[in-house]
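File shown: entry27.csv. Contents: CSV, C-alpha atoms.
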```
chain,number,residue,atom,x,y,z
M,16,PHE,CA,-7.6,-154.4,-135.4
M,17,ILE,CA,-3.9,-153.3,-135.6
M,18,LEU,CA,-1.9,-152.7,-138.7
M,19,ILE,CA,1.9,-152.8,-138.6
M,20,ASP,CA,4.2,-151.5,-141.4
M,21,LEU,CA,6.5,-148.7,-142.3
M,22,ASP,CA,6.5,-149.2,-146.0
M,23,ASP,CA,5.1,-146.8,-148.6
M,24,ILE,CA,3.1,-147.6,-151.6
M,25,CYS,CA,5.0,-148.3,-154.8
M,26,ILE,CA,3.6,-148.1,-158.3
M,27,SER,CA,4.0,-151.8,-158.7
M,28,ASN,CA,1.6,-152.4,-155.8
M,29,THR,CA,-1.3,-151.1,-157.8
M,30,ASN,CA,-2.0,-154.4,-159.7
M,31,ARG,CA,-3.0,-156.2,-156.5
M,32,GLN,CA,-3.4,-154.0,-153.4
M,33,LEU,CA,-6.8,-152.3,-152.9
M,34,HIS,CA,-5.4,-149.2,-151.3
M,35,ALA,CA,-2.7,-148.7,-154.0
M,36,THR,CA,-3.6,-146.4,-156.8
M,37,SER,CA,-1.7,-143.9,-159.0
M,38,LYS,CA,-2.9,-141.2,-156.5
M,39,THR,CA,-1.6,-143.0,-153.4
M,40,VAL,CA,1.9,-143.8,-154.6
M,41,GLY,CA,4.4,-142.7,-151.9
M,42,ARG,CA,1.9,-142.6,-149.1
M,43,MET,CA,2.2,-144.9,-146.1
M,44,LYS,CA,0.5,-148.3,-146.7
M,45,VAL,CA,-1.1,-148.6,-143.3
M,46,ASP,CA,-2.6,-145.1,-143.5
M,47,GLU,CA,-4.2,-145.8,-146.8
M,48,MET,CA,-5.4,-149.2,-145.6
M,49,LYS,CA,-7.0,-147.7,-142.5
M,50,ARG,CA,-8.7,-145.0,-144.7
M,51,ARG,CA,-10.0,-147.7,-147.0
M,52,VAL,CA,-11.3,-149.8,-144.1
M,53,LEU,CA,-13.1,-146.9,-142.5
M,54,GLU,CA,-14.7,-145.9,-145.8
M,55,ILE,CA,-16.2,-149.4,-145.9
M,56,ASN,CA,-17.2,-149.5,-142.2
M,57,PRO,CA,-16.8,-146.4,-140.2
M,58,GLN,CA,-17.4,-148.4,-137.0
M,59,CYS,CA,-14.2,-150.3,-137.3
M,60,ARG,CA,-11.5,-149.6,-134.8
M,61,VAL,CA,-8.1,-149.5,-136.5
M,62,THR,CA,-4.8,-148.7,-134.9
M,63,ASN,CA,-1.7,-148.1,-137.0
M,64,LEU,CA,1.9,-148.8,-135.9
M,65,HIS,CA,4.4,-147.3,-138.2
M,66,GLU,CA,7.2,-149.8,-137.7
M,67,PHE,CA,9.1,-152.5,-139.5
M,68,VAL,CA,9.2,-155.7,-137.6
M,69,THR,CA,12.8,-156.8,-137.1
M,70,GLU,CA,14.6,-159.5,-135.1
M,71,ASN,CA,15.5,-156.9,-132.5
M,72,ASN,CA,12.0,-155.4,-131.9
M,73,ALA,CA,9.7,-158.4,-132.5
M,74,GLN,CA,9.2,-159.0,-128.8
M,75,GLU,CA,8.6,-155.3,-128.1
M,76,LEU,CA,6.1,-154.9,-130.9
M,77,LEU,CA,4.2,-158.0,-129.8
M,78,GLU,CA,4.0,-156.5,-126.3
M,79,ARG,CA,2.6,-153.2,-127.8
M,80,ILE,CA,0.1,-155.2,-129.8
M,81,LEU,CA,-1.1,-156.9,-126.6
M,82,GLU,CA,-1.4,-153.5,-124.8
M,83,LEU,CA,-3.3,-151.8,-127.7
M,84,SER,CA,-5.6,-154.7,-128.5
M,85,LEU,CA,-9.3,-154.4,-127.4
M,86,ILE,CA,-9.4,-158.2,-127.4
M,87,PRO,CA,-7.5,-160.1,-124.7
M,88,PRO,CA,-4.9,-162.5,-126.0
M,89,ASN,CA,-6.7,-165.5,-124.5
M,90,ASP,CA,-9.9,-164.7,-126.4
M,91,ASN,CA,-10.6,-167.1,-129.4
M,92,ASN,CA,-11.0,-164.0,-131.6
M,93,PHE,CA,-7.4,-162.9,-131.0
M,94,VAL,CA,-5.1,-163.9,-133.8
M,95,ILE,CA,-2.1,-162.5,-135.6
M,96,LEU,CA,-1.7,-162.6,-139.4
M,97,ASP,CA,1.9,-162.4,-140.6
M,98,ALA,CA,2.8,-161.3,-144.1
M,99,ILE,CA,6.4,-160.3,-143.4
M,100,ASP,CA,8.7,-161.0,-146.4
M,101,GLN,CA,12.1,-160.8,-144.6
M,102,ARG,CA,13.4,-164.1,-143.2
M,103,LYS,CA,15.0,-162.9,-140.0
M,104,SER,CA,12.1,-160.6,-139.1
M,105,LYS,CA,9.6,-163.3,-139.9
M,106,THR,CA,11.4,-165.9,-137.8
M,107,ALA,CA,11.7,-163.6,-134.8
M,108,PHE,CA,8.0,-162.6,-134.9
M,109,VAL,CA,6.8,-166.2,-135.2
M,110,ALA,CA,9.0,-167.2,-132.3
M,111,ALA,CA,7.7,-164.3,-130.2
M,112,CYS,CA,4.1,-165.3,-130.8
M,113,VAL,CA,4.7,-169.0,-130.1
M,114,GLU,CA,6.6,-168.1,-126.9
M,115,LYS,CA,3.6,-166.2,-125.6
M,116,GLN,CA,1.2,-168.8,-127.0
M,117,ILE,CA,-0.4,-166.2,-129.3
M,118,PRO,CA,-2.2,-167.8,-132.3
M,119,ILE,CA,-0.5,-166.8,-135.6
M,120,VAL,CA,-1.1,-167.5,-139.3
M,121,THR,CA,2.0,-167.0,-141.4
M,122,CYS,CA,2.1,-166.5,-145.2
M,123,GLY,CA,4.8,-167.8,-147.5
M,124,GLY,CA,6.2,-166.1,-150.7
M,125,SER,CA,4.1,-165.3,-153.7
M,126,ALA,CA,6.6,-163.8,-156.2
M,127,GLY,CA,6.8,-165.6,-159.5
M,128,LEU,CA,3.8,-167.8,-158.9
M,129,THR,CA,1.0,-168.1,-161.5
M,130,ASP,CA,-1.3,-170.9,-160.3
M,131,PRO,CA,-3.6,-169.9,-157.3
M,132,THR,CA,-5.0,-173.5,-157.2
M,133,GLN,CA,-1.7,-174.7,-155.7
M,134,ILE,CA,-2.0,-172.6,-152.5
M,135,ILE,CA,-2.6,-174.8,-149.5
M,136,VAL,CA,-2.7,-174.6,-145.7
M,137,ASP,CA,-0.7,-176.8,-143.3
M,138,ASP,CA,1.4,-176.6,-140.2
M,139,LEU,CA,4.7,-174.7,-140.5
M,140,SER,CA,6.5,-177.9,-139.6
M,141,ARG,CA,5.1,-179.5,-142.7
M,142,VAL,CA,5.7,-176.8,-145.3
M,143,TYR,CA,7.3,-177.8,-148.6
M,144,GLY,CA,8.1,-176.0,-151.8
M,145,ASP,CA,8.3,-172.5,-150.2
M,146,GLY,CA,11.8,-171.2,-149.8
M,147,LEU,CA,10.9,-168.4,-147.3
M,148,LEU,CA,9.0,-170.6,-144.9
M,149,LYS,CA,11.5,-173.4,-145.2
M,150,SER,CA,14.2,-170.9,-144.2
M,151,VAL,CA,12.1,-169.6,-141.3
M,152,ARG,CA,11.6,-173.2,-140.1
M,153,TYR,CA,15.3,-173.9,-140.2
M,154,HIS,CA,16.2,-170.8,-138.3
M,155,LEU,CA,13.4,-171.4,-135.7
M,156,ARG,CA,15.1,-174.8,-134.9
M,157,LYS,CA,18.6,-173.4,-135.0
M,158,PHE,CA,18.2,-170.1,-133.0
M,159,TYR,CA,14.9,-170.4,-131.1
M,160,ASN,CA,15.0,-174.0,-129.9
M,161,PHE,CA,12.0,-175.3,-131.9
M,162,ARG,CA,12.0,-179.0,-132.0
M,163,LYS,CA,13.3,-180.8,-135.1
M,164,THR,CA,10.5,-182.0,-137.4
M,165,THR,CA,12.2,-184.7,-139.4
M,166,ALA,CA,9.6,-187.3,-140.5
M,167,SER,CA,10.1,-190.8,-139.2
M,168,THR,CA,8.6,-194.1,-140.3
M,169,THR,CA,6.3,-196.6,-138.7
M,170,ALA,CA,6.1,-200.3,-139.6
M,171,PHE,CA,2.8,-202.1,-140.1
M,172,THR,CA,2.8,-205.8,-140.9
M,173,SER,CA,5.8,-207.5,-142.2
M,174,ASN,CA,4.3,-208.0,-145.7
M,175,LYS,CA,3.5,-204.3,-146.1
M,176,LYS,CA,5.7,-201.3,-146.9
M,177,GLU,CA,6.6,-198.8,-144.2
M,178,LYS,CA,4.4,-195.8,-144.2
M,179,PRO,CA,6.0,-192.4,-143.6
M,180,LYS,CA,4.8,-190.4,-140.6
M,181,LEU,CA,4.3,-186.6,-140.9
M,182,PRO,CA,6.5,-184.3,-138.7
M,183,GLN,CA,5.0,-183.3,-135.4
M,184,LYS,CA,3.0,-180.1,-135.6
M,185,TRP,CA,4.2,-176.8,-134.2
M,186,ARG,CA,0.6,-175.4,-134.1
M,187,VAL,CA,1.6,-172.6,-136.5
M,188,LYS,CA,-0.7,-172.4,-139.5
M,189,ALA,CA,1.1,-171.6,-142.8
M,190,ILE,CA,-0.3,-170.5,-146.1
M,191,PHE,CA,2.0,-171.5,-149.0
M,192,SER,CA,2.1,-172.6,-152.6
M,193,THR,CA,3.4,-176.0,-153.9
M,194,GLN,CA,4.0,-174.5,-157.3
M,195,GLU,CA,7.6,-174.5,-158.5
M,196,LYS,CA,8.9,-170.9,-159.0
M,197,LYS,CA,10.3,-169.7,-162.3
M,198,GLN,CA,14.0,-168.9,-162.5
M,199,ILE,CA,15.0,-165.6,-164.0
M,200,GLU,CA,18.4,-164.0,-164.8
M,201,GLU,CA,19.0,-160.7,-163.2
M,202,GLU,CA,20.3,-159.1,-166.4
M,203,THR,CA,16.9,-159.7,-168.1
M,204,VAL,CA,15.2,-157.3,-165.6
M,205,GLY,CA,14.8,-153.6,-166.6
M,206,GLY,CA,16.2,-150.7,-164.6
M,207,LEU,CA,12.9,-149.6,-163.0
M,208,ARG,CA,12.5,-149.7,-159.2
M,209,LYS,CA,12.1,-153.3,-158.3
M,210,CYS,CA,9.6,-153.0,-155.5
M,211,ASP,CA,8.6,-156.6,-155.8
M,212,GLY,CA,11.9,-158.1,-156.8
M,213,MET,CA,12.7,-159.6,-160.2
M,214,LEU,CA,9.9,-162.1,-160.5
M,215,GLY,CA,6.9,-159.9,-160.0
M,216,THR,CA,3.6,-160.8,-158.3
M,217,ALA,CA,0.3,-161.6,-159.9
M,218,CYS,CA,-2.9,-160.2,-158.4
M,219,PHE,CA,-4.9,-163.5,-158.7
M,220,VAL,CA,-2.2,-165.3,-156.6
M,221,THR,CA,-1.8,-162.7,-153.9
M,222,GLY,CA,-5.6,-162.3,-153.7
M,223,THR,CA,-6.0,-166.0,-153.2
M,224,PHE,CA,-3.3,-166.0,-150.5
M,225,GLY,CA,-5.2,-163.2,-148.8
M,226,PHE,CA,-8.6,-165.0,-148.9
M,227,VAL,CA,-7.1,-168.3,-147.7
M,228,ALA,CA,-5.3,-166.5,-144.8
M,229,ALA,CA,-8.5,-164.6,-143.9
M,230,GLY,CA,-10.4,-167.9,-143.9
M,231,GLU,CA,-7.9,-169.3,-141.4
M,232,VAL,CA,-8.1,-166.3,-139.2
M,233,VAL,CA,-11.9,-166.4,-139.1
```

Target format structure tokens, applied to this file:
Amino acid sequence: FILIDLDDICISNTNRQLHATSKTVGRMKVDEMKRRVLEINPQCRVTNLHEFVTENNAQELLERILELSLIPPNDNNFVILDAIDQRKSKTAFVAACVEKQIPIVTCGGSAGLTDPTQIIVDDLSRVYGDGLLKSVRYHLRKFYNFRKTTASTTAFTSNKKEKPKLPQKWRVKAIFSTQEKKQIEEETVGGLRKCDGMLGTACFVTGTFGFVAAGEVV
């Protein structure tokens, strides 16, 4: 498989990322992830791309993935797992995958969440409660010509209430939480490096996100 990231390990990653320890702080995340994978199974074939996905290089990176992959894109085992946390980059990458009809599973935000039981899976067109994915959906419609997904209603008999219809699916699986995020004032945060923003991230939440996403990939 192929790992893409240009980020280094921060001390705040150690509470939830298997490759992040006090000894690996400052090292490249994908390098340590590859090392960890090969320690578990030396037969794995892992390729690293030291890149950040941006709205300008999303198409190019996807082409490189297709060139480097040992699995053809039309194979049922070929899928992309997206955990990008920047809205413009995430939007561009999802759009690039959909344009080429590449299966993609996209993950929403986890900062500030504390209840892993509220993590669910649905089509990106039907996401609610997740600010990042809602923004991605809006910009996919506005800049990438994705069809609008406003729900309509359908009437049954005259003596029954109208039942709402769900938006038409985009065929993009999304992992997200329905939990309402806590609000926090910026001045209440200390002066340490905020690798994870102000809200922080809990290991039992991100771990559940990861397992649910892995389940969708498999």

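Distances here use only C-alpha atoms; by that measure, the residue among M:Phe161, M:Tyr143, M:Phe67, M:Phe191 closest to Asp23 (chain M) is M:Phe67.
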
key: Residue with smallest distance to Lys44 (chain M) - pool M:His65, M:Arg102, M:Lys115, M:Arg31, counting only C-alpha atoms   = M:His65

key: Pick from M:Asn91, M:Ser192, M:Thr106, M:Gln58, whichever lies nearest to Ala73 (chain M) using all atoms listed in the file   = M:Thr106

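Atom pair CA of Asp130 (chain M) / CA of Val227 (chain M): separated by 14.1 Å.
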
CA of Glu114 (chain M) to CA of Thr221 (chain M), straight-line distance in Å = 28.8 Å

Quick one: region 101-129 of chain M from the block, N, CA and C atoms, as an mmCIF file, in the first residue's frame.
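Generated output (selection32.cif):
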```cif
data_model
loop_
_atom_site.group_PDB
_atom_site.id
_atom_site.type_symbol
_atom_site.label_atom_id
_atom_site.label_comp_id
_atom_site.auth_asym_id
_atom_site.auth_seq_id
_atom_site.Cartn_x
_atom_site.Cartn_y
_atom_site.Cartn_z
ATOM 1 N N GLN M 101 -7.484 19.284 6.097
ATOM 2 C CA GLN M 101 -7.611 20.619 5.517
ATOM 3 C C GLN M 101 -8.720 20.604 4.473
ATOM 4 N N ARG M 102 -9.662 21.527 4.595
ATOM 5 C CA ARG M 102 -10.866 21.488 3.766
ATOM 6 C C ARG M 102 -10.595 21.559 2.264
ATOM 7 N N LYS M 103 -9.759 22.509 1.814
ATOM 8 C CA LYS M 103 -9.519 22.656 0.382
ATOM 9 C C LYS M 103 -8.814 21.435 -0.199
ATOM 10 N N SER M 104 -7.819 20.932 0.522
ATOM 11 C CA SER M 104 -7.086 19.755 0.058
ATOM 12 C C SER M 104 -7.998 18.538 0.018
ATOM 13 N N LYS M 105 -8.803 18.381 1.050
ATOM 14 C CA LYS M 105 -9.708 17.241 1.142
ATOM 15 C C LYS M 105 -10.729 17.277 0.005
ATOM 16 N N THR M 106 -11.280 18.447 -0.222
ATOM 17 C CA THR M 106 -12.270 18.609 -1.286
ATOM 18 C C THR M 106 -11.682 18.253 -2.642
ATOM 19 N N ALA M 107 -10.490 18.772 -2.927
ATOM 20 C CA ALA M 107 -9.851 18.521 -4.224
ATOM 21 C C ALA M 107 -9.531 17.049 -4.417
ATOM 22 N N PHE M 108 -9.108 16.380 -3.342
ATOM 23 C CA PHE M 108 -8.723 14.971 -3.463
ATOM 24 C C PHE M 108 -9.951 14.078 -3.646
ATOM 25 N N VAL M 109 -11.007 14.366 -2.918
ATOM 26 C CA VAL M 109 -12.248 13.611 -3.097
ATOM 27 C C VAL M 109 -12.759 13.798 -4.524
ATOM 28 N N ALA M 110 -12.734 15.027 -5.011
ATOM 29 C CA ALA M 110 -13.201 15.308 -6.368
ATOM 30 C C ALA M 110 -12.370 14.569 -7.413
ATOM 31 N N ALA M 111 -11.050 14.523 -7.207
ATOM 32 C CA ALA M 111 -10.173 13.829 -8.148
ATOM 33 C C ALA M 111 -10.484 12.342 -8.195
ATOM 34 N N CYS M 112 -10.733 11.749 -7.036
ATOM 35 C CA CYS M 112 -11.061 10.319 -6.981
ATOM 36 C C CYS M 112 -12.395 10.027 -7.658
ATOM 37 N N VAL M 113 -13.386 10.850 -7.382
ATOM 38 C CA VAL M 113 -14.704 10.639 -7.978
ATOM 39 C C VAL M 113 -14.642 10.792 -9.497
ATOM 40 N N GLU M 114 -13.875 11.779 -9.959
ATOM 41 C CA GLU M 114 -13.744 12.000 -11.403
ATOM 42 C C GLU M 114 -13.188 10.769 -12.117
ATOM 43 N N LYS M 115 -12.237 10.085 -11.458
ATOM 44 C CA LYS M 115 -11.632 8.895 -12.056
ATOM 45 C C LYS M 115 -12.324 7.604 -11.622
ATOM 46 N N GLN M 116 -13.436 7.764 -10.885
ATOM 47 C CA GLN M 116 -14.218 6.617 -10.418
ATOM 48 C C GLN M 116 -13.378 5.681 -9.542
ATOM 49 N N ILE M 117 -12.556 6.285 -8.685
ATOM 50 C CA ILE M 117 -11.737 5.545 -7.731
ATOM 51 C C ILE M 117 -12.476 5.488 -6.398
ATOM 52 N N PRO M 118 -12.720 4.312 -5.835
ATOM 53 C CA PRO M 118 -13.398 4.232 -4.539
ATOM 54 C C PRO M 118 -12.611 4.969 -3.457
ATOM 55 N N ILE M 119 -13.305 5.743 -2.659
ATOM 56 C CA ILE M 119 -12.650 6.494 -1.588
ATOM 57 C C ILE M 119 -13.521 6.472 -0.342
ATOM 58 N N VAL M 120 -12.871 6.303 0.811
ATOM 59 C CA VAL M 120 -13.512 6.415 2.116
ATOM 60 C C VAL M 120 -12.916 7.647 2.787
ATOM 61 N N THR M 121 -13.739 8.599 3.169
ATOM 62 C CA THR M 121 -13.247 9.848 3.735
ATOM 63 C C THR M 121 -13.651 9.978 5.201
ATOM 64 N N CYS M 122 -12.735 10.503 6.010
ATOM 65 C CA CYS M 122 -12.968 10.615 7.460
ATOM 66 C C CYS M 122 -13.218 12.064 7.858
ATOM 67 N N GLY M 123 -14.159 12.255 8.761
ATOM 68 C CA GLY M 123 -14.452 13.581 9.285
ATOM 69 C C GLY M 123 -13.531 13.948 10.437
ATOM 70 N N GLY M 124 -13.863 15.038 11.122
ATOM 71 C CA GLY M 124 -13.027 15.528 12.201
ATOM 72 C C GLY M 124 -13.282 14.799 13.511
ATOM 73 N N SER M 125 -12.235 14.703 14.336
ATOM 74 C CA SER M 125 -12.359 14.002 15.616
ATOM 75 C C SER M 125 -11.985 14.869 16.820
ATOM 76 N N ALA M 126 -11.475 16.067 16.578
ATOM 77 C CA ALA M 126 -11.048 16.927 17.683
ATOM 78 C C ALA M 126 -12.229 17.318 18.562
ATOM 79 N N GLY M 127 -12.025 17.241 19.863
ATOM 80 C CA GLY M 127 -13.048 17.657 20.805
ATOM 81 C C GLY M 127 -14.132 16.638 21.069
ATOM 82 N N LEU M 128 -14.036 15.461 20.445
ATOM 83 C CA LEU M 128 -15.063 14.428 20.636
ATOM 84 C C LEU M 128 -14.668 13.476 21.764
ATOM 85 N N THR M 129 -15.668 12.963 22.455
ATOM 86 C CA THR M 129 -15.395 12.079 23.601
ATOM 87 C C THR M 129 -16.238 10.803 23.592
#
```
